[in-house]
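Asker: mmCIF, N, CA and C atoms, saved as data_8.cif, coming up:
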```cif
data_coords
#
loop_
_atom_site.group_PDB
_atom_site.id
_atom_site.type_symbol
_atom_site.label_atom_id
_atom_site.label_comp_id
_atom_site.auth_asym_id
_atom_site.auth_seq_id
_atom_site.Cartn_x
_atom_site.Cartn_y
_atom_site.Cartn_z
ATOM 1 N N MET A 1 -4.936 -9.418 -4.426
ATOM 2 C CA MET A 1 -5.004 -9.672 -3.002
ATOM 3 C C MET A 1 -3.635 -10.134 -2.503
ATOM 4 N N GLY A 2 -3.417 -9.933 -1.251
ATOM 5 C CA GLY A 2 -2.152 -10.322 -0.665
ATOM 6 C C GLY A 2 -2.048 -11.827 -0.479
ATOM 7 N N SER A 3 -0.862 -12.335 -0.723
ATOM 8 C CA SER A 3 -0.604 -13.742 -0.479
ATOM 9 C C SER A 3 0.892 -13.924 -0.273
ATOM 10 N N PRO A 4 1.272 -14.951 0.462
ATOM 11 C CA PRO A 4 2.699 -15.206 0.636
ATOM 12 C C PRO A 4 3.412 -15.483 -0.686
ATOM 13 N N LEU A 5 2.710 -16.098 -1.628
ATOM 14 C CA LEU A 5 3.309 -16.406 -2.928
ATOM 15 C C LEU A 5 3.647 -15.123 -3.690
ATOM 16 N N VAL A 6 2.709 -14.188 -3.716
ATOM 17 C CA VAL A 6 2.954 -12.910 -4.396
ATOM 18 C C VAL A 6 4.060 -12.144 -3.690
ATOM 19 N N ALA A 7 4.019 -12.121 -2.365
ATOM 20 C CA ALA A 7 5.041 -11.396 -1.609
ATOM 21 C C ALA A 7 6.429 -11.971 -1.860
ATOM 22 N N ALA A 8 6.535 -13.285 -1.912
ATOM 23 C CA ALA A 8 7.830 -13.923 -2.101
ATOM 24 C C ALA A 8 8.406 -13.697 -3.495
ATOM 25 N N HIS A 9 7.539 -13.556 -4.481
ATOM 26 C CA HIS A 9 7.992 -13.437 -5.867
ATOM 27 C C HIS A 9 7.638 -12.089 -6.501
ATOM 28 N N ARG A 10 7.455 -11.072 -5.665
ATOM 29 C CA ARG A 10 6.993 -9.778 -6.187
ATOM 30 C C ARG A 10 7.934 -9.178 -7.210
ATOM 31 N N GLN A 11 9.243 -9.277 -6.986
ATOM 32 C CA GLN A 11 10.196 -8.691 -7.929
ATOM 33 C C GLN A 11 10.066 -9.339 -9.307
ATOM 34 N N GLN A 12 9.999 -10.668 -9.341
ATOM 35 C CA GLN A 12 9.903 -11.379 -10.612
ATOM 36 C C GLN A 12 8.563 -11.096 -11.299
ATOM 37 N N LEU A 13 7.468 -11.097 -10.523
ATOM 38 C CA LEU A 13 6.146 -10.848 -11.102
ATOM 39 C C LEU A 13 6.053 -9.450 -11.697
ATOM 40 N N LEU A 14 6.560 -8.470 -10.958
ATOM 41 C CA LEU A 14 6.476 -7.091 -11.445
ATOM 42 C C LEU A 14 7.422 -6.856 -12.619
ATOM 43 N N ALA A 15 8.576 -7.496 -12.624
ATOM 44 C CA ALA A 15 9.493 -7.383 -13.766
ATOM 45 C C ALA A 15 8.869 -7.999 -15.012
ATOM 46 N N LEU A 16 8.193 -9.117 -14.855
ATOM 47 C CA LEU A 16 7.520 -9.773 -15.979
ATOM 48 C C LEU A 16 6.382 -8.902 -16.516
ATOM 49 N N ALA A 17 5.620 -8.304 -15.621
ATOM 50 C CA ALA A 17 4.539 -7.407 -16.047
ATOM 51 C C ALA A 17 5.105 -6.207 -16.809
ATOM 52 N N LEU A 18 6.201 -5.641 -16.314
ATOM 53 C CA LEU A 18 6.822 -4.495 -16.980
ATOM 54 C C LEU A 18 7.383 -4.898 -18.338
ATOM 55 N N GLN A 19 7.989 -6.065 -18.415
ATOM 56 C CA GLN A 19 8.536 -6.564 -19.683
ATOM 57 C C GLN A 19 7.440 -6.670 -20.742
ATOM 58 N N HIS A 20 6.246 -7.040 -20.320
ATOM 59 C CA HIS A 20 5.121 -7.178 -21.253
ATOM 60 C C HIS A 20 4.244 -5.929 -21.299
ATOM 61 N N ARG A 21 4.755 -4.845 -20.700
ATOM 62 C CA ARG A 21 4.094 -3.542 -20.702
ATOM 63 C C ARG A 21 2.678 -3.608 -20.142
ATOM 64 N N LEU A 22 2.537 -4.327 -19.036
ATOM 65 C CA LEU A 22 1.253 -4.452 -18.348
ATOM 66 C C LEU A 22 1.272 -3.587 -17.091
ATOM 67 N N PRO A 23 0.406 -2.596 -17.005
ATOM 68 C CA PRO A 23 0.344 -1.805 -15.778
ATOM 69 C C PRO A 23 -0.228 -2.651 -14.643
ATOM 70 N N THR A 24 0.297 -2.467 -13.474
ATOM 71 C CA THR A 24 -0.155 -3.248 -12.326
ATOM 72 C C THR A 24 -0.653 -2.343 -11.215
ATOM 73 N N MET A 25 -1.634 -2.852 -10.488
ATOM 74 C CA MET A 25 -2.127 -2.174 -9.296
ATOM 75 C C MET A 25 -2.115 -3.191 -8.174
ATOM 76 N N ALA A 26 -1.538 -2.813 -7.063
ATOM 77 C CA ALA A 26 -1.346 -3.740 -5.959
ATOM 78 C C ALA A 26 -2.050 -3.233 -4.705
ATOM 79 N N TYR A 27 -1.981 -4.018 -3.658
ATOM 80 C CA TYR A 27 -2.687 -3.727 -2.419
ATOM 81 C C TYR A 27 -1.832 -3.036 -1.365
ATOM 82 N N GLY A 28 -0.537 -2.950 -1.559
ATOM 83 C CA GLY A 28 0.300 -2.385 -0.504
ATOM 84 C C GLY A 28 1.452 -1.553 -1.021
ATOM 85 N N ARG A 29 1.885 -0.632 -0.185
ATOM 86 C CA ARG A 29 2.966 0.289 -0.509
ATOM 87 C C ARG A 29 4.235 -0.455 -0.923
ATOM 88 N N HIS A 30 4.529 -1.569 -0.249
ATOM 89 C CA HIS A 30 5.748 -2.317 -0.550
ATOM 90 C C HIS A 30 5.767 -2.820 -1.994
ATOM 91 N N LEU A 31 4.600 -3.049 -2.580
ATOM 92 C CA LEU A 31 4.564 -3.493 -3.974
ATOM 93 C C LEU A 31 4.785 -2.331 -4.940
ATOM 94 N N ALA A 32 4.351 -1.153 -4.570
ATOM 95 C CA ALA A 32 4.666 0.027 -5.395
ATOM 96 C C ALA A 32 6.163 0.297 -5.344
ATOM 97 N N GLU A 33 6.767 0.121 -4.193
ATOM 98 C CA GLU A 33 8.211 0.291 -4.083
ATOM 99 C C GLU A 33 8.958 -0.742 -4.922
ATOM 100 N N ALA A 34 8.359 -1.925 -5.064
ATOM 101 C CA ALA A 34 8.990 -2.994 -5.850
ATOM 102 C C ALA A 34 8.769 -2.830 -7.348
ATOM 103 N N GLY A 35 7.865 -1.907 -7.764
ATOM 104 C CA GLY A 35 7.688 -1.655 -9.189
ATOM 105 C C GLY A 35 6.273 -1.647 -9.701
ATOM 106 N N SER A 36 5.283 -1.854 -8.846
ATOM 107 C CA SER A 36 3.896 -1.755 -9.300
ATOM 108 C C SER A 36 3.586 -0.301 -9.643
ATOM 109 N N LEU A 37 2.804 -0.082 -10.674
ATOM 110 C CA LEU A 37 2.452 1.283 -11.073
ATOM 111 C C LEU A 37 1.687 2.000 -9.965
ATOM 112 N N LEU A 38 0.698 1.320 -9.402
ATOM 113 C CA LEU A 38 -0.129 1.898 -8.344
ATOM 114 C C LEU A 38 -0.267 0.913 -7.201
ATOM 115 N N ALA A 39 -0.479 1.448 -6.024
ATOM 116 C CA ALA A 39 -0.828 0.620 -4.873
ATOM 117 C C ALA A 39 -1.885 1.370 -4.081
ATOM 118 N N TYR A 40 -2.918 0.658 -3.679
ATOM 119 C CA TYR A 40 -3.965 1.254 -2.869
ATOM 120 C C TYR A 40 -4.393 0.233 -1.831
ATOM 121 N N GLY A 41 -4.283 0.600 -0.594
ATOM 122 C CA GLY A 41 -4.695 -0.320 0.453
ATOM 123 C C GLY A 41 -4.474 0.280 1.819
ATOM 124 N N ALA A 42 -4.850 -0.504 2.813
ATOM 125 C CA ALA A 42 -4.689 -0.062 4.194
ATOM 126 C C ALA A 42 -3.213 0.110 4.522
ATOM 127 N N ASP A 43 -2.925 1.094 5.336
ATOM 128 C CA ASP A 43 -1.564 1.354 5.792
ATOM 129 C C ASP A 43 -1.234 0.307 6.855
ATOM 130 N N SER A 44 -0.503 -0.741 6.464
ATOM 131 C CA SER A 44 -0.244 -1.864 7.373
ATOM 132 C C SER A 44 0.588 -1.441 8.585
ATOM 133 N N ARG A 45 1.467 -0.494 8.418
ATOM 134 C CA ARG A 45 2.262 -0.011 9.553
ATOM 135 C C ARG A 45 1.346 0.639 10.595
ATOM 136 N N ALA A 46 0.416 1.447 10.141
ATOM 137 C CA ALA A 46 -0.527 2.093 11.060
ATOM 138 C C ALA A 46 -1.442 1.057 11.712
ATOM 139 N N LEU A 47 -1.853 0.031 10.954
ATOM 140 C CA LEU A 47 -2.700 -1.024 11.524
ATOM 141 C C LEU A 47 -1.974 -1.744 12.662
ATOM 142 N N CYS A 48 -0.721 -2.048 12.456
ATOM 143 C CA CYS A 48 0.054 -2.736 13.494
ATOM 144 C C CYS A 48 0.213 -1.856 14.734
ATOM 145 N N GLN A 49 0.463 -0.573 14.529
ATOM 146 C CA GLN A 49 0.616 0.335 15.665
ATOM 147 C C GLN A 49 -0.685 0.461 16.445
ATOM 148 N N ARG A 50 -1.798 0.591 15.737
ATOM 149 C CA ARG A 50 -3.095 0.703 16.416
ATOM 150 C C ARG A 50 -3.433 -0.594 17.135
ATOM 151 N N SER A 51 -3.128 -1.723 16.524
ATOM 152 C CA SER A 51 -3.388 -3.017 17.163
ATOM 153 C C SER A 51 -2.602 -3.137 18.460
ATOM 154 N N ALA A 52 -1.345 -2.744 18.423
ATOM 155 C CA ALA A 52 -0.517 -2.798 19.627
ATOM 156 C C ALA A 52 -1.097 -1.905 20.718
ATOM 157 N N SER A 53 -1.606 -0.764 20.341
ATOM 158 C CA SER A 53 -2.215 0.145 21.309
ATOM 159 C C SER A 53 -3.443 -0.494 21.960
ATOM 160 N N PHE A 54 -4.264 -1.160 21.160
ATOM 161 C CA PHE A 54 -5.443 -1.834 21.701
ATOM 162 C C PHE A 54 -5.046 -2.975 22.635
ATOM 163 N N VAL A 55 -4.059 -3.757 22.249
ATOM 164 C CA VAL A 55 -3.595 -4.857 23.096
ATOM 165 C C VAL A 55 -3.088 -4.311 24.425
ATOM 166 N N HIS A 56 -2.324 -3.224 24.373
ATOM 167 C CA HIS A 56 -1.808 -2.596 25.583
ATOM 168 C C HIS A 56 -2.951 -2.192 26.517
ATOM 169 N N LYS A 57 -3.974 -1.560 25.957
ATOM 170 C CA LYS A 57 -5.111 -1.127 26.773
ATOM 171 C C LYS A 57 -5.853 -2.312 27.388
ATOM 172 N N ILE A 58 -6.042 -3.368 26.618
ATOM 173 C CA ILE A 58 -6.739 -4.553 27.120
ATOM 174 C C ILE A 58 -5.935 -5.210 28.234
ATOM 175 N N LEU A 59 -4.626 -5.300 28.054
ATOM 176 C CA LEU A 59 -3.779 -5.906 29.082
ATOM 177 C C LEU A 59 -3.731 -5.078 30.362
ATOM 178 N N HIS A 60 -4.096 -3.806 30.262
ATOM 179 C CA HIS A 60 -4.136 -2.931 31.434
ATOM 180 C C HIS A 60 -5.559 -2.736 31.955
ATOM 181 N N GLY A 61 -6.474 -3.633 31.570
ATOM 182 C CA GLY A 61 -7.787 -3.657 32.193
ATOM 183 C C GLY A 61 -8.955 -3.050 31.436
ATOM 184 N N VAL A 62 -8.730 -2.431 30.295
ATOM 185 C CA VAL A 62 -9.842 -1.866 29.536
ATOM 186 C C VAL A 62 -10.626 -3.010 28.891
ATOM 187 N N LYS A 63 -11.938 -2.957 29.000
ATOM 188 C CA LYS A 63 -12.766 -3.989 28.381
ATOM 189 C C LYS A 63 -12.789 -3.778 26.866
ATOM 190 N N PRO A 64 -12.623 -4.839 26.106
ATOM 191 C CA PRO A 64 -12.662 -4.698 24.645
ATOM 192 C C PRO A 64 -13.927 -4.008 24.135
ATOM 193 N N ALA A 65 -15.049 -4.228 24.793
ATOM 194 C CA ALA A 65 -16.310 -3.603 24.375
ATOM 195 C C ALA A 65 -16.273 -2.086 24.543
ATOM 196 N N ASP A 66 -15.370 -1.589 25.397
ATOM 197 C CA ASP A 66 -15.272 -0.145 25.630
ATOM 198 C C ASP A 66 -14.327 0.551 24.654
ATOM 199 N N LEU A 67 -13.647 -0.227 23.834
ATOM 200 C CA LEU A 67 -12.724 0.372 22.869
ATOM 201 C C LEU A 67 -13.496 0.841 21.631
ATOM 202 N N PRO A 68 -13.093 1.959 21.058
ATOM 203 C CA PRO A 68 -13.799 2.461 19.873
ATOM 204 C C PRO A 68 -13.500 1.622 18.635
ATOM 205 N N ILE A 69 -14.427 1.624 17.724
ATOM 206 C CA ILE A 69 -14.198 1.003 16.420
ATOM 207 C C ILE A 69 -13.516 2.041 15.549
ATOM 208 N N GLU A 70 -12.435 1.647 14.906
ATOM 209 C CA GLU A 70 -11.694 2.578 14.061
ATOM 210 C C GLU A 70 -11.615 2.051 12.643
ATOM 211 N N GLN A 71 -11.659 2.961 11.703
ATOM 212 C CA GLN A 71 -11.511 2.586 10.302
ATOM 213 C C GLN A 71 -10.047 2.721 9.902
ATOM 214 N N ALA A 72 -9.575 1.789 9.118
ATOM 215 C CA ALA A 72 -8.190 1.824 8.656
ATOM 216 C C ALA A 72 -7.948 3.044 7.769
ATOM 217 N N THR A 73 -6.709 3.509 7.775
ATOM 218 C CA THR A 73 -6.289 4.578 6.890
ATOM 219 C C THR A 73 -5.786 3.938 5.594
ATOM 220 N N PHE A 74 -6.294 4.405 4.468
ATOM 221 C CA PHE A 74 -5.876 3.866 3.174
ATOM 222 C C PHE A 74 -4.900 4.820 2.511
ATOM 223 N N GLN A 75 -3.975 4.240 1.743
ATOM 224 C CA GLN A 75 -2.958 5.019 1.044
ATOM 225 C C GLN A 75 -3.002 4.725 -0.448
ATOM 226 N N LEU A 76 -2.810 5.773 -1.237
ATOM 227 C CA LEU A 76 -2.612 5.626 -2.675
ATOM 228 C C LEU A 76 -1.160 5.988 -2.958
ATOM 229 N N VAL A 77 -0.417 5.022 -3.520
ATOM 230 C CA VAL A 77 1.000 5.234 -3.841
ATOM 231 C C VAL A 77 1.168 5.052 -5.345
ATOM 232 N N VAL A 78 1.856 5.996 -5.969
ATOM 233 C CA VAL A 78 2.090 5.976 -7.414
ATOM 234 C C VAL A 78 3.592 5.866 -7.653
ATOM 235 N N ASN A 79 3.978 4.980 -8.552
ATOM 236 C CA ASN A 79 5.384 4.808 -8.908
ATOM 237 C C ASN A 79 5.612 5.441 -10.286
ATOM 238 N N LEU A 80 6.220 6.637 -10.288
ATOM 239 C CA LEU A 80 6.452 7.347 -11.553
ATOM 240 C C LEU A 80 7.536 6.697 -12.407
ATOM 241 N N LYS A 81 8.474 5.991 -11.781
ATOM 242 C CA LYS A 81 9.502 5.275 -12.559
ATOM 243 C C LYS A 81 8.840 4.208 -13.430
ATOM 244 N N THR A 82 7.880 3.502 -12.852
ATOM 245 C CA THR A 82 7.165 2.479 -13.608
ATOM 246 C C THR A 82 6.294 3.119 -14.674
ATOM 247 N N ALA A 83 5.644 4.226 -14.348
ATOM 248 C CA ALA A 83 4.807 4.923 -15.326
ATOM 249 C C ALA A 83 5.640 5.342 -16.532
ATOM 250 N N GLU A 84 6.824 5.866 -16.279
ATOM 251 C CA GLU A 84 7.708 6.288 -17.372
ATOM 252 C C GLU A 84 8.137 5.085 -18.212
ATOM 253 N N ALA A 85 8.482 3.983 -17.559
ATOM 254 C CA ALA A 85 8.903 2.785 -18.290
ATOM 255 C C ALA A 85 7.777 2.219 -19.146
ATOM 256 N N LEU A 86 6.532 2.397 -18.702
ATOM 257 C CA LEU A 86 5.369 1.925 -19.459
ATOM 258 C C LEU A 86 4.910 2.931 -20.510
ATOM 259 N N GLY A 87 5.426 4.161 -20.441
ATOM 260 C CA GLY A 87 4.967 5.203 -21.351
ATOM 261 C C GLY A 87 3.612 5.755 -20.964
ATOM 262 N N VAL A 88 3.286 5.677 -19.678
ATOM 263 C CA VAL A 88 1.994 6.147 -19.166
ATOM 264 C C VAL A 88 2.175 7.524 -18.559
ATOM 265 N N THR A 89 1.311 8.447 -18.944
ATOM 266 C CA THR A 89 1.320 9.784 -18.358
ATOM 267 C C THR A 89 0.118 9.906 -17.439
ATOM 268 N N LEU A 90 0.385 10.180 -16.187
ATOM 269 C CA LEU A 90 -0.690 10.333 -15.213
ATOM 270 C C LEU A 90 -0.990 11.812 -15.035
ATOM 271 N N PRO A 91 -2.264 12.182 -14.992
ATOM 272 C CA PRO A 91 -2.622 13.592 -14.855
ATOM 273 C C PRO A 91 -2.127 14.174 -13.531
ATOM 274 N N PRO A 92 -1.728 15.436 -13.543
ATOM 275 C CA PRO A 92 -1.265 16.083 -12.312
ATOM 276 C C PRO A 92 -2.307 16.036 -11.194
ATOM 277 N N THR A 93 -3.582 16.115 -11.537
ATOM 278 C CA THR A 93 -4.612 16.056 -10.500
ATOM 279 C C THR A 93 -4.618 14.703 -9.796
ATOM 280 N N PHE A 94 -4.336 13.634 -10.543
ATOM 281 C CA PHE A 94 -4.250 12.303 -9.948
ATOM 282 C C PHE A 94 -3.038 12.214 -9.023
ATOM 283 N N LEU A 95 -1.906 12.721 -9.480
ATOM 284 C CA LEU A 95 -0.690 12.700 -8.670
ATOM 285 C C LEU A 95 -0.854 13.527 -7.401
ATOM 286 N N PHE A 96 -1.593 14.621 -7.506
ATOM 287 C CA PHE A 96 -1.843 15.475 -6.348
ATOM 288 C C PHE A 96 -2.639 14.735 -5.282
ATOM 289 N N ARG A 97 -3.546 13.870 -5.705
ATOM 290 C CA ARG A 97 -4.390 13.118 -4.761
ATOM 291 C C ARG A 97 -3.661 11.949 -4.112
ATOM 292 N N ALA A 98 -2.531 11.544 -4.688
ATOM 293 C CA ALA A 98 -1.784 10.407 -4.141
ATOM 294 C C ALA A 98 -1.183 10.774 -2.793
ATOM 295 N N ASP A 99 -1.124 9.796 -1.912
ATOM 296 C CA ASP A 99 -0.497 10.000 -0.612
ATOM 297 C C ASP A 99 1.028 10.016 -0.740
ATOM 298 N N GLU A 100 1.521 9.279 -1.721
ATOM 299 C CA GLU A 100 2.964 9.230 -1.955
ATOM 300 C C GLU A 100 3.221 8.998 -3.432
ATOM 301 N N VAL A 101 4.234 9.679 -3.963
ATOM 302 C CA VAL A 101 4.659 9.502 -5.343
ATOM 303 C C VAL A 101 6.121 9.105 -5.327
ATOM 304 N N ILE A 102 6.404 7.928 -5.865
ATOM 305 C CA ILE A 102 7.780 7.431 -5.920
ATOM 306 C C ILE A 102 8.383 7.911 -7.235
ATOM 307 N N LYS A 103 9.496 8.647 -7.131
ATOM 308 C CA LYS A 103 10.129 9.225 -8.328
ATOM 309 C C LYS A 103 11.389 8.481 -8.685
#
```
When written as structure tokens, how does the structure in this file appear?

Answerer:
Amino acid sequence: MGSPLVAAHRQQLLALALQHRLPTMAYGRHLAEAGSLLAYGADSRALCQRSASFVHKILHGVKPADLPIEQATFQLVVNLKTAEALGVTLPPTFLFRADEVIK
């Protein structure tokens, strides 16, 4: 789960996990970029953009009850550099399903 402590020390935590050959799965794309093997979670950039759109509509008179309920978009991000360092081979079908593959 996300926390300020994990976010602040992500580089050290992920380096320690890699040193001990522990595969990691995280909740956000930024952690896959930092070295987590996998990340799966809501697209926080899209959530912020949609939130801003809703705020804009409300400030211009739309009643909150009239706004649609939307489901967040989830992303699967795979870090192949980490997979290689761990000696993990991911099947091509899995990589094909990923929204992003970091090489």

Asker: Which of chain A counts as strand (DSSP E or B) under DSSP, as a PyMOL selection string please?

Answerer: chain A and resi 25-26+38-42+74-79+100-102

Asker: Report the distance between atom C of Ser36 in chain A and CA of Thr73 in chain A in Å, rounded to one decimal place.

Answerer: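 About the pair atom C of Ser36 in chain A and CA of Thr73 in chain A: they are 19.9 Å apart.
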
Asker: May I have the residues within 8 Å of range 12-19 of chain A as an MDAnalysis selection string, using all atoms listed in the file and disregarding those fewer than 2 positions away in the same chain?

Answerer: chainID A and resid 6 8:10 21:24 34:37 82 85:86

Asker: If I take atom N of Ile102 in chain A and atom C of Lys81 in chain A, how far is one from the other in Å, to one decimal?

Answerer: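 A separation of 8.8 Å between them.
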
Asker: List every residue of chain A that DSSP, applied to the backbone, labels as helix (DSSP H, G or I), and write the result as a tab-separated table (two decimals) with N, CA and C atoms, keeping the file's coordinate frame.

Answerer:
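Wrote it out as states_10.tsv, contents follow:
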```tsv
chain	number	residue	atom	x	y	z
A	4	PRO	N	1.27	-14.95	0.46
A	4	PRO	CA	2.70	-15.21	0.64
A	4	PRO	C	3.41	-15.48	-0.69
A	5	LEU	N	2.71	-16.10	-1.63
A	5	LEU	CA	3.31	-16.41	-2.93
A	5	LEU	C	3.65	-15.12	-3.69
A	6	VAL	N	2.71	-14.19	-3.72
A	6	VAL	CA	2.95	-12.91	-4.40
A	6	VAL	C	4.06	-12.14	-3.69
A	7	ALA	N	4.02	-12.12	-2.37
A	7	ALA	CA	5.04	-11.40	-1.61
A	7	ALA	C	6.43	-11.97	-1.86
A	8	ALA	N	6.54	-13.28	-1.91
A	8	ALA	CA	7.83	-13.92	-2.10
A	8	ALA	C	8.41	-13.70	-3.50
A	10	ARG	N	7.46	-11.07	-5.66
A	10	ARG	CA	6.99	-9.78	-6.19
A	10	ARG	C	7.93	-9.18	-7.21
A	11	GLN	N	9.24	-9.28	-6.99
A	11	GLN	CA	10.20	-8.69	-7.93
A	11	GLN	C	10.07	-9.34	-9.31
A	12	GLN	N	10.00	-10.67	-9.34
A	12	GLN	CA	9.90	-11.38	-10.61
A	12	GLN	C	8.56	-11.10	-11.30
A	13	LEU	N	7.47	-11.10	-10.52
A	13	LEU	CA	6.15	-10.85	-11.10
A	13	LEU	C	6.05	-9.45	-11.70
A	14	LEU	N	6.56	-8.47	-10.96
A	14	LEU	CA	6.48	-7.09	-11.44
A	14	LEU	C	7.42	-6.86	-12.62
A	15	ALA	N	8.58	-7.50	-12.62
A	15	ALA	CA	9.49	-7.38	-13.77
A	15	ALA	C	8.87	-8.00	-15.01
A	16	LEU	N	8.19	-9.12	-14.86
A	16	LEU	CA	7.52	-9.77	-15.98
A	16	LEU	C	6.38	-8.90	-16.52
A	17	ALA	N	5.62	-8.30	-15.62
A	17	ALA	CA	4.54	-7.41	-16.05
A	17	ALA	C	5.11	-6.21	-16.81
A	18	LEU	N	6.20	-5.64	-16.31
A	18	LEU	CA	6.82	-4.50	-16.98
A	18	LEU	C	7.38	-4.90	-18.34
A	19	GLN	N	7.99	-6.06	-18.42
A	19	GLN	CA	8.54	-6.56	-19.68
A	19	GLN	C	7.44	-6.67	-20.74
A	29	ARG	N	1.88	-0.63	-0.18
A	29	ARG	CA	2.97	0.29	-0.51
A	29	ARG	C	4.24	-0.46	-0.92
A	30	HIS	N	4.53	-1.57	-0.25
A	30	HIS	CA	5.75	-2.32	-0.55
A	30	HIS	C	5.77	-2.82	-1.99
A	31	LEU	N	4.60	-3.05	-2.58
A	31	LEU	CA	4.56	-3.49	-3.97
A	31	LEU	C	4.78	-2.33	-4.94
A	32	ALA	N	4.35	-1.15	-4.57
A	32	ALA	CA	4.67	0.03	-5.40
A	32	ALA	C	6.16	0.30	-5.34
A	33	GLU	N	6.77	0.12	-4.19
A	33	GLU	CA	8.21	0.29	-4.08
A	33	GLU	C	8.96	-0.74	-4.92
A	34	ALA	N	8.36	-1.92	-5.06
A	34	ALA	CA	8.99	-2.99	-5.85
A	34	ALA	C	8.77	-2.83	-7.35
A	44	SER	N	-0.50	-0.74	6.46
A	44	SER	CA	-0.24	-1.86	7.37
A	44	SER	C	0.59	-1.44	8.59
A	45	ARG	N	1.47	-0.49	8.42
A	45	ARG	CA	2.26	-0.01	9.55
A	45	ARG	C	1.35	0.64	10.60
A	46	ALA	N	0.42	1.45	10.14
A	46	ALA	CA	-0.53	2.09	11.06
A	46	ALA	C	-1.44	1.06	11.71
A	47	LEU	N	-1.85	0.03	10.95
A	47	LEU	CA	-2.70	-1.02	11.52
A	47	LEU	C	-1.97	-1.74	12.66
A	48	CYS	N	-0.72	-2.05	12.46
A	48	CYS	CA	0.05	-2.74	13.49
A	48	CYS	C	0.21	-1.86	14.73
A	49	GLN	N	0.46	-0.57	14.53
A	49	GLN	CA	0.62	0.34	15.66
A	49	GLN	C	-0.68	0.46	16.44
A	50	ARG	N	-1.80	0.59	15.74
A	50	ARG	CA	-3.10	0.70	16.42
A	50	ARG	C	-3.43	-0.59	17.14
A	51	SER	N	-3.13	-1.72	16.52
A	51	SER	CA	-3.39	-3.02	17.16
A	51	SER	C	-2.60	-3.14	18.46
A	52	ALA	N	-1.34	-2.74	18.42
A	52	ALA	CA	-0.52	-2.80	19.63
A	52	ALA	C	-1.10	-1.90	20.72
A	53	SER	N	-1.61	-0.76	20.34
A	53	SER	CA	-2.22	0.14	21.31
A	53	SER	C	-3.44	-0.49	21.96
A	54	PHE	N	-4.26	-1.16	21.16
A	54	PHE	CA	-5.44	-1.83	21.70
A	54	PHE	C	-5.05	-2.98	22.64
A	55	VAL	N	-4.06	-3.76	22.25
A	55	VAL	CA	-3.60	-4.86	23.10
A	55	VAL	C	-3.09	-4.31	24.42
A	56	HIS	N	-2.32	-3.22	24.37
A	56	HIS	CA	-1.81	-2.60	25.58
A	56	HIS	C	-2.95	-2.19	26.52
A	57	LYS	N	-3.97	-1.56	25.96
A	57	LYS	CA	-5.11	-1.13	26.77
A	57	LYS	C	-5.85	-2.31	27.39
A	58	ILE	N	-6.04	-3.37	26.62
A	58	ILE	CA	-6.74	-4.55	27.12
A	58	ILE	C	-5.94	-5.21	28.23
A	59	LEU	N	-4.63	-5.30	28.05
A	59	LEU	CA	-3.78	-5.91	29.08
A	59	LEU	C	-3.73	-5.08	30.36
A	64	PRO	N	-12.62	-4.84	26.11
A	64	PRO	CA	-12.66	-4.70	24.64
A	64	PRO	C	-13.93	-4.01	24.14
A	65	ALA	N	-15.05	-4.23	24.79
A	65	ALA	CA	-16.31	-3.60	24.38
A	65	ALA	C	-16.27	-2.09	24.54
A	66	ASP	N	-15.37	-1.59	25.40
A	66	ASP	CA	-15.27	-0.14	25.63
A	66	ASP	C	-14.33	0.55	24.65
A	80	LEU	N	6.22	6.64	-10.29
A	80	LEU	CA	6.45	7.35	-11.55
A	80	LEU	C	7.54	6.70	-12.41
A	81	LYS	N	8.47	5.99	-11.78
A	81	LYS	CA	9.50	5.28	-12.56
A	81	LYS	C	8.84	4.21	-13.43
A	82	THR	N	7.88	3.50	-12.85
A	82	THR	CA	7.16	2.48	-13.61
A	82	THR	C	6.29	3.12	-14.67
A	83	ALA	N	5.64	4.23	-14.35
A	83	ALA	CA	4.81	4.92	-15.33
A	83	ALA	C	5.64	5.34	-16.53
A	84	GLU	N	6.82	5.87	-16.28
A	84	GLU	CA	7.71	6.29	-17.37
A	84	GLU	C	8.14	5.08	-18.21
A	85	ALA	N	8.48	3.98	-17.56
A	85	ALA	CA	8.90	2.78	-18.29
A	85	ALA	C	7.78	2.22	-19.15
A	86	LEU	N	6.53	2.40	-18.70
A	86	LEU	CA	5.37	1.92	-19.46
A	86	LEU	C	4.91	2.93	-20.51
A	92	PRO	N	-1.73	15.44	-13.54
A	92	PRO	CA	-1.26	16.08	-12.31
A	92	PRO	C	-2.31	16.04	-11.19
A	93	THR	N	-3.58	16.11	-11.54
A	93	THR	CA	-4.61	16.06	-10.50
A	93	THR	C	-4.62	14.70	-9.80
A	94	PHE	N	-4.34	13.63	-10.54
A	94	PHE	CA	-4.25	12.30	-9.95
A	94	PHE	C	-3.04	12.21	-9.02
A	95	LEU	N	-1.91	12.72	-9.48
A	95	LEU	CA	-0.69	12.70	-8.67
A	95	LEU	C	-0.85	13.53	-7.40
A	96	PHE	N	-1.59	14.62	-7.51
A	96	PHE	CA	-1.84	15.48	-6.35
A	96	PHE	C	-2.64	14.74	-5.28
A	97	ARG	N	-3.55	13.87	-5.70
A	97	ARG	CA	-4.39	13.12	-4.76
A	97	ARG	C	-3.66	11.95	-4.11
```

Asker: Tell me which residues the PyMOL selection byres (((chain A and resi 55-72 and name CA) around 12) and name CA) grabs here, as JSON, numbers by chain.

Answerer: {"A": [41, 42, 43, 44, 45, 46, 47, 48, 49, 50, 51, 52, 53, 54, 73, 74, 75]}

Asker: Closest to Val101 in chain A among A:Ala26, A:Ala32, A:Val78, A:Leu38, using only C-alpha atoms?

Answerer: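 Closest to Val101 in chain A, using only C-alpha atoms: A:Val78.
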
Asker: Box time for range 30-49 of chain A: axis-aligned, enclosing all its listed atoms, 3 Å extra on each side; report centre and edge lengths in Å to one decimal, as lines of an AutoDock Vina configuration file.

Answerer:
```
center_x = 2.1
center_y = -0.7
center_z = 2.7
size_x = 19.8
size_y = 11.6
size_z = 33.5
```
